[in-house]
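Structure, as structure tokens:
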Amino acid sequence: MSTSIVRAQGVSKWYGNVIGLNNFNIDIGKGITGIVGPNGSGKSTFFKLIIGTIKANVGELAVLGGGPWRNPNQLKDIGFCPDYENLPMDLSGRDYLRLVGGLHGMRGPVLERRASEVLSIVGMTSTSNRRMGGYSKGMKQRMRIAGSFVHDPKLLLLDEPLTGTDPVVRKELMDMIKALNRDLGHDVIVSSHVLYEVERMTHEVALIYKGRTVASGNISEIRGLMSNHPHHIILEGENMTNLAKSLIDRPFTVSVELRQDRRSLTVEVLRPDEFFDSMPDLIRETGCQIESMRSLDDDLESVFRYLAGW
Amino acid sequence: MLTFSTRKLLLNRRWVLVALVSVLVAAVMGYVATQEIDPLDGGSFLLNTLVLSFLLPIMALVYGASMIRNEIDDRSITQVITSPMDRRMSYLGYYLALIVVLSLMLLVIGTVGWSSFYLVMGLEKGALDLLASYSLLLIIGSVVYSSLFLAMGVVLKQPIYLGLLYAFVWEAFVGSLPGAIGELTIIHNLKVIGSDLIDHGNITEVTGDPVTASLALAILTIGLLILGAFAFREKEVP
């Protein structure tokens, strides 16, 4: 990464007994950075700390070189699109941008010009005079994003901007977010609980889980970490005893547990890719007949648990 | 900020409540006007009892306590607190919008009641002065009560309960007690100022120094504004 735009060192934030972030460390550079984590992992807390609506209990947080808490001047350079409904539904899309622009000190023809420009970027020009209460979910999401960059900030924070949208809208939003960086030069931090979505927008990713960063860097490195995490795989079928014996000799196998009925076994493997690659040979050699095979650790949650060391 | 908040308050559905209250006040004042009472004493009594002593604190509570609190709860406050405006200035914007809207509504209600009363009773000499004096008191009252209830909405999660307790127990009950304790209420000090402006009705029974009362209300308002603005700046909005 190049110059750091957000740096957190040992940041913790708790709400009563609930921990939002726990000794959180991250260094985010320019460009688009994806923050990926399951629900409740601390993504929104991190964004709220950056935008200064909450303050860290401990730790150091620097955003564009300054501290975000009680620093309204810095908000000229940051745009925030929250993951919750906050649009004034009785206003039209254009009036909403006038409102947000006005709060950022824009007035008169400058504001009018900018509102039209932003509406055009998010593809909402034709519907901009309608009340937002009548907008579809995708249109509202576009307006939320529009409101976040109407004042032309350096840094854009987009908290779960794709949630709840259909695949077509999702693709359009992903293209738009990429364009905001590529064509308009905004640095973007975008969060999601779906790695695949983030991967479509950027190669710089940080995985967070239970308030901590568990991995960060290039997506290919993270993919490597993920594919190397141990899997527990359950196999069911005939002649499983032979298969169990063969599996024990394989270098990727950690343990094999054969059930009493001899029809199913659970194998723990270090490198799942190697295991799956070797399965055709194993079946041929042992003469077993596999009826079903499933991994207990194929979801993102288990990857996070592994990376967090839990 | 001021325009947006004013517009938001004015477009709120609570206008229906204001309309109903206006009709009620007009009906009560119209009915009383049919009785054999002194026109100026009766008009003053009704404006004091119905609008100044009752509706002013209640409406200030309903609008003031919920103004920022509702925005925090429904998170529509995000636009304001993520703008590069000092939060203390934003707070001042809310406060001014609240005063404008609250004063406007109370003036509408007061004028509707007054019109109803003197429409039945016949316009008396001095009735217009009465309306002007009560209008001034309602504006001063809006300025003071708004500072109190707006601050309450920032500091407390459920400001309406403490606000109701304050309005009914402290302002209404304690404020009506004789002696020094009653002087510690906002309504007493408003009435002291009113007794200097108005020569009719039960408001003239309140005694005190209007300059001291004005000063006390000014100090209270400024103190509460500073407290509210400081609390708003320090407020975490998760």
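Labels for the structure tokens follow display order: chains A, B, ..., residues from 1 in each chain, ligands from 1.
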With a cut-off of 6 Å and counting only C-alpha atoms, select all residues of chain B in contact with chain A and give the selection as number ranges by chain.
-> B: 76, 83-86, 236-237
Picked from segment 23-61 of chain A by DSSP as helix (DSSP H, G or I), as a ChimeraX atom specification = /A:43-51
Would you output that residue set with C-alpha atoms, as a compact mmCIF listing (two decimals), in the first residue's frame?
```txt
# COMPACT_ATOMS: atom_id res chain seq x y z
CA LYS A 43 -17.38 -2.99 10.33
CA SER A 44 -19.95 -0.31 11.09
CA THR A 45 -18.25 0.57 14.37
CA PHE A 46 -15.03 1.12 12.45
CA PHE A 47 -16.81 3.43 9.99
CA LYS A 48 -18.50 5.40 12.76
CA LEU A 49 -15.13 5.90 14.42
CA ILE A 50 -13.66 7.17 11.15
CA ILE A 51 -16.52 9.61 10.62
```
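Checking B:Ser66, B:Gln35, B:Asn48, B:Thr221 one by one against Ser133 of chain B, counting only C-alpha atoms, you find the shortest gap at B:Asn48.
By chain and then residue number, the residues within 9 Å of Ala216 of chain B are Ile186, Asn189, Val211 and Thr221 of chain B, counting only C-alpha atoms and disregarding those fewer than 5 positions away in sequence.
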12 Å contact set for segment 158-161 of chain A, only C-alpha atoms, chain neighbours under 5 positions out, as a ChimeraX atom specification = /A:32-39,42-48,50-51,78-85,137-149,166,169-174,176-177,180,186-195,197-198
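With only C-alpha atoms as the atoms that count, the minimum distance from Ser147 of chain B to the choices B:Gly194, B:Gly126, B:Gly228, B:Pro178 is reached by B:Gly228.
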Between B:Leu40, B:Val18, B:Met59, B:Leu227, which has the minimum distance to Val155 of chain B (counting only C-alpha atoms)?
-> B:Leu227
Between atom CA of Ile68 of chain B and atom CA of Ala56 of chain A, distance in Å (one decimal) = 23.3 Å
Find the residues near Pro159 of chain B: any atom within 9 Å, counting only C-alpha atoms, skip ones fewer than 2 places away on the same chain, and give them as an MDAnalysis selection string.
-> chainID B and resid 61 65:66 69 149 152:157 161:164
Nearest to Val6 of chain A: which of A:Gly211, A:Phe24, A:Gly66, A:Ser116 is it, counting only C-alpha atoms?
-> A:Gly66
Return the single residue from A:Ser4, A:Thr241, A:Leu307, A:Leu235 that is closest to Ile290 of chain A, with distances computed using only C-alpha atoms.
-> A:Leu235
Which distance in Å separates atom CA of Leu102 of chain B and atom CA of Thr49 of chain B, to one decimal?
-> 17.9 Å
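Restricting the calculation to only C-alpha atoms, the smallest distance between His188 of chain B and any of B:Ala19, B:Val28, B:Leu52, B:Ile81 is found for B:Leu52.
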Identify, on the basis of only C-alpha atoms, every residue whose closest approach to Lys8 of chain B does not exceed 10 Å; exclude the query and any residue fewer than 3 positions from it along the same chain; express the result as a ChimeraX atom specification.
-> /A:88,90-91 /B:2-5,11-13,67,97,101
Expected file contents, prior selection, all heavy atoms, as a short mmCIF file (atom, residue, chain, number, x, y, z; two decimals), in the first residue's frame:
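After the write, again_7.cif holds the following:
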```
data_model
loop_
_atom_site.label_atom_id
_atom_site.label_comp_id
_atom_site.auth_asym_id
_atom_site.auth_seq_id
_atom_site.Cartn_x
_atom_site.Cartn_y
_atom_site.Cartn_z
N PRO A 88 -34.41 11.45 4.11
CA PRO A 88 -35.70 12.09 4.41
C PRO A 88 -36.68 11.82 3.27
O PRO A 88 -36.55 12.39 2.18
CB PRO A 88 -35.34 13.59 4.51
CG PRO A 88 -33.98 13.74 3.96
CD PRO A 88 -33.36 12.41 3.72
N ASP A 90 -39.66 12.54 2.56
CA ASP A 90 -40.59 13.54 2.00
C ASP A 90 -39.89 14.48 1.03
O ASP A 90 -40.53 15.28 0.36
CB ASP A 90 -41.24 14.33 3.14
CG ASP A 90 -40.23 14.96 4.06
OD1 ASP A 90 -39.21 14.30 4.34
OD2 ASP A 90 -40.43 16.12 4.48
N LEU A 91 -38.56 14.38 0.94
CA LEU A 91 -37.82 15.24 0.01
C LEU A 91 -37.65 14.53 -1.33
O LEU A 91 -37.62 13.30 -1.39
CB LEU A 91 -36.44 15.56 0.55
CG LEU A 91 -36.32 16.43 1.81
CD1 LEU A 91 -34.85 16.77 2.05
CD2 LEU A 91 -37.11 17.72 1.67
N LEU B 2 -31.24 25.69 9.59
CA LEU B 2 -32.43 26.32 10.18
C LEU B 2 -33.64 26.08 9.27
O LEU B 2 -34.71 25.67 9.74
CB LEU B 2 -32.16 27.83 10.36
CG LEU B 2 -33.33 28.68 10.86
CD1 LEU B 2 -33.75 28.24 12.25
CD2 LEU B 2 -32.93 30.15 10.89
N THR B 3 -33.43 26.27 7.97
CA THR B 3 -34.54 26.10 7.02
C THR B 3 -35.02 24.66 7.02
O THR B 3 -36.23 24.39 7.05
CB THR B 3 -34.05 26.46 5.58
OG1 THR B 3 -33.26 27.63 5.67
CG2 THR B 3 -35.20 26.67 4.64
N PHE B 4 -34.06 23.74 6.98
CA PHE B 4 -34.41 22.32 6.92
C PHE B 4 -35.18 21.89 8.17
O PHE B 4 -36.22 21.23 8.08
CB PHE B 4 -33.14 21.48 6.75
CG PHE B 4 -33.40 20.00 6.82
CD1 PHE B 4 -34.20 19.37 5.87
CD2 PHE B 4 -32.85 19.23 7.83
CE1 PHE B 4 -34.45 18.01 5.92
CE2 PHE B 4 -33.09 17.86 7.89
CZ PHE B 4 -33.89 17.26 6.94
N SER B 5 -34.66 22.28 9.34
CA SER B 5 -35.31 21.87 10.58
C SER B 5 -36.68 22.51 10.73
O SER B 5 -37.62 21.86 11.18
CB SER B 5 -34.43 22.25 11.78
OG SER B 5 -33.27 21.49 11.78
N LEU B 11 -43.76 20.39 8.54
CA LEU B 11 -44.40 19.36 7.72
C LEU B 11 -44.80 18.14 8.54
O LEU B 11 -45.42 17.22 8.04
CB LEU B 11 -43.45 18.92 6.60
CG LEU B 11 -43.21 19.97 5.50
CD1 LEU B 11 -42.20 19.46 4.50
CD2 LEU B 11 -44.51 20.34 4.81
N ASN B 12 -44.43 18.17 9.83
CA ASN B 12 -44.73 17.04 10.70
C ASN B 12 -46.25 16.88 10.85
O ASN B 12 -46.99 17.86 10.86
CB ASN B 12 -44.09 17.31 12.06
CG ASN B 12 -44.03 16.07 12.90
OD1 ASN B 12 -45.05 15.55 13.29
ND2 ASN B 12 -42.83 15.59 13.14
N ARG B 13 -46.67 15.63 11.02
CA ARG B 13 -48.11 15.37 11.12
C ARG B 13 -48.72 15.92 12.42
O ARG B 13 -49.92 15.90 12.59
CB ARG B 13 -48.36 13.86 11.05
CG ARG B 13 -48.19 13.33 9.64
CD ARG B 13 -48.85 11.97 9.48
NE ARG B 13 -48.38 11.34 8.25
CZ ARG B 13 -47.45 10.40 8.23
NH1 ARG B 13 -46.92 9.96 9.34
NH2 ARG B 13 -47.06 9.86 7.09
N MET B 67 -37.31 16.76 19.24
CA MET B 67 -36.71 17.28 18.02
C MET B 67 -35.38 16.59 17.67
O MET B 67 -35.25 15.94 16.63
CB MET B 67 -36.49 18.78 18.15
CG MET B 67 -36.14 19.43 16.83
SD MET B 67 -35.91 21.18 17.06
CE MET B 67 -35.75 21.71 15.38
N ALA B 97 -34.84 26.99 14.99
CA ALA B 97 -35.98 26.41 14.24
C ALA B 97 -37.12 26.08 15.19
O ALA B 97 -38.30 26.34 14.89
CB ALA B 97 -35.53 25.16 13.51
N VAL B 101 -40.93 27.69 15.04
CA VAL B 101 -42.12 26.85 14.83
C VAL B 101 -43.04 26.89 16.05
O VAL B 101 -44.27 27.04 15.91
CB VAL B 101 -41.69 25.40 14.51
CG1 VAL B 101 -42.89 24.48 14.45
CG2 VAL B 101 -40.96 25.37 13.17
#
```
For Ser115 of chain B, list every protein, DNA or RNA residue within 10 Å, evaluated using only C-alpha atoms, and leave out those in the same chain fewer than 4 positions away; present the list as a PyMOL selection string.
-> chain B and resi 26+29-30+109-111+119-123+127+131
Have a look at atom CA of Met89 of chain B and atom CA of Leu220 of chain B and let me know their distance in Å, one decimal.
-> 19.1 Å
